Amino acid sequence: MNLKNSWWKILGALLVIYVAIAGLTGEVPRQPILNETIRNVYFHVPMWFSMMVLMTISMVRSIQYLRSGNIVRDQQALSFAHTAFALGIIGFLTGAIWGKFTWGSAFPVDPKLIAVEVGLLIYAAYFIMRGSFEDEQKKARLAAVYNIFAFAAFMPLVWILPRITDSLHPGNGGNPAFGKYDMDSQMRMVFYPAVVGWILVGIWIASLRARILNLEYKKTEI
């Protein structure tokens, strides 16, 4: 491994290991209802941040493909979208577990939860659509356009709509942001590294997937 080019991968892995240990064993505020479940903030929330970053990169790669016609950019767009979707599913499931203990229901009728479900279905349709075409260039062009519109639809769904209506999630529908009352300085020393660590690991995974797709494509061409 070339350390000069791989330092960020090592950093990401070390941060995730640190978060796993400190997040499960460190001291946390003893808040009513939340209690020990507050530790989920180290895992649930960073998944969403990582998902958003990877979706953004995927969208940028789709734009680059449309401008250049370089199939590698389309492979990268697909790989980053795949990894973002996987992180979104993990974020959704960790949120469901958290909601079961704090709200009394894993899947309450909540605007942000519904928005995320719709958003993930939009991206699921992106993957299904790609499987409907045989021609690589035609598939890549249509997928790139769809990916851009999927990103443009997903962000308002998750970030804007829940904020203009009532929502159980902190920071939405008039509720104070989570960290305003619950997160102390000791938790921030774990939370921020968790966000950075999962973003770096997510980019690493997506990059590996893109390289595998490129190798498979070259093999098919040969």
# chains A, B, ... in the order shown; residues from 1 in each chain; ligands from 1
>>> residues_around(residues="Val19 in chain A", least_positions_apart="6", cutoff="10 Å", atoms="only C-alpha atoms", output="CSV table (one decimal) with N, CA and C atoms, in the first residue's frame")
chain,number,residue,atom,x,y,z
A,13,ALA,N,-10.2,4.3,8.6
A,13,ALA,CA,-10.3,3.0,9.3
A,13,ALA,C,-10.0,3.2,10.8
A,25,THR,N,-18.1,2.6,25.0
A,25,THR,CA,-17.5,2.5,26.4
A,25,THR,C,-17.4,3.8,27.0
A,26,GLY,N,-17.5,4.9,26.3
A,26,GLY,CA,-17.3,6.3,26.9
A,26,GLY,C,-18.5,6.7,27.7
A,42,TYR,N,-23.7,8.2,17.5
A,42,TYR,CA,-22.3,8.0,16.9
A,42,TYR,C,-22.4,7.2,15.6
A,43,PHE,N,-23.5,6.4,15.4
A,43,PHE,CA,-23.6,5.5,14.3
A,43,PHE,C,-24.7,5.9,13.4
A,189,MET,N,-16.4,14.8,20.9
A,189,MET,CA,-15.0,14.3,20.6
A,189,MET,C,-15.1,12.9,19.9
A,190,VAL,N,-16.3,12.3,20.0
A,190,VAL,CA,-16.5,11.0,19.3
A,190,VAL,C,-17.4,11.2,18.1
A,191,PHE,N,-18.4,12.1,18.2
A,191,PHE,CA,-19.3,12.3,17.1
A,191,PHE,C,-18.6,12.8,15.8
A,192,TYR,N,-17.8,13.9,15.9
A,192,TYR,CA,-17.2,14.5,14.8
A,192,TYR,C,-16.2,13.5,14.1
A,193,PRO,N,-15.4,12.8,14.9
A,193,PRO,CA,-14.6,11.8,14.2
A,193,PRO,C,-15.4,10.7,13.5
A,194,ALA,N,-16.6,10.4,14.1
A,194,ALA,CA,-17.4,9.4,13.5
A,194,ALA,C,-17.9,9.8,12.1
A,195,VAL,N,-18.3,11.1,12.0
A,195,VAL,CA,-18.7,11.6,10.7
A,195,VAL,C,-17.6,11.6,9.7
A,197,GLY,N,-14.8,9.8,9.8
A,197,GLY,CA,-14.4,8.4,9.6
A,197,GLY,C,-15.3,7.6,8.6
A,198,TRP,N,-16.6,7.7,8.8
A,198,TRP,CA,-17.5,7.0,8.0
A,198,TRP,C,-17.6,7.6,6.6
>>> residues_around(residues="range 91-107 of chain A", least_positions_apart="3", cutoff="10 Å", atoms="only C-alpha atoms", output="PyMOL selection string")
chain A and resi 32-35+37-41+43-51+85-88+110+113-114+116-117+120+168-169
>>> residues_around(residues="Arg141 in chain A", least_positions_apart="3", cutoff="9 Å", atoms="only C-alpha atoms", output="PyMOL selection string")
chain A and resi 62+65-66+69+74+136-138+144-146
>>> residues_around(residues="Val60 in chain A", least_positions_apart="6", cutoff="12 Å", atoms="only C-alpha atoms", output="CSV table (one decimal) with C-alpha atoms, in the first residue's frame")
chain,number,residue,atom,x,y,z
A,53,VAL,CA,-21.6,13.1,0.7
A,54,LEU,CA,-21.5,10.0,-1.5
A,66,LEU,CA,-22.5,13.6,-19.6
A,67,ARG,CA,-19.8,16.1,-20.4
A,73,ARG,CA,-17.2,8.3,-14.7
A,74,ASP,CA,-20.5,6.4,-15.0
A,76,GLN,CA,-17.9,5.8,-10.4
A,77,ALA,CA,-21.4,7.4,-10.3
A,78,LEU,CA,-23.0,3.9,-9.9
A,80,PHE,CA,-20.9,5.9,-5.1
A,81,ALA,CA,-24.7,5.6,-5.5
A,144,ALA,CA,-26.7,9.9,-15.5
A,145,VAL,CA,-29.7,12.1,-16.2
A,147,ASN,CA,-29.2,10.3,-11.1
A,148,ILE,CA,-29.0,14.1,-11.3
A,149,PHE,CA,-32.7,14.4,-10.9
A,151,PHE,CA,-30.3,13.9,-6.2
A,152,ALA,CA,-32.2,17.0,-6.9
>>> closest_residue(among="A:Met59, A:Ser79, A:Ala150, A:Val201", to="Lys9 in chain A", atoms="only C-alpha atoms")
A:Val201
>>> atom_distance(atom1="CA of Tyr18 in chain A", atom2="CA of Ser58 in chain A")
27.7 Å
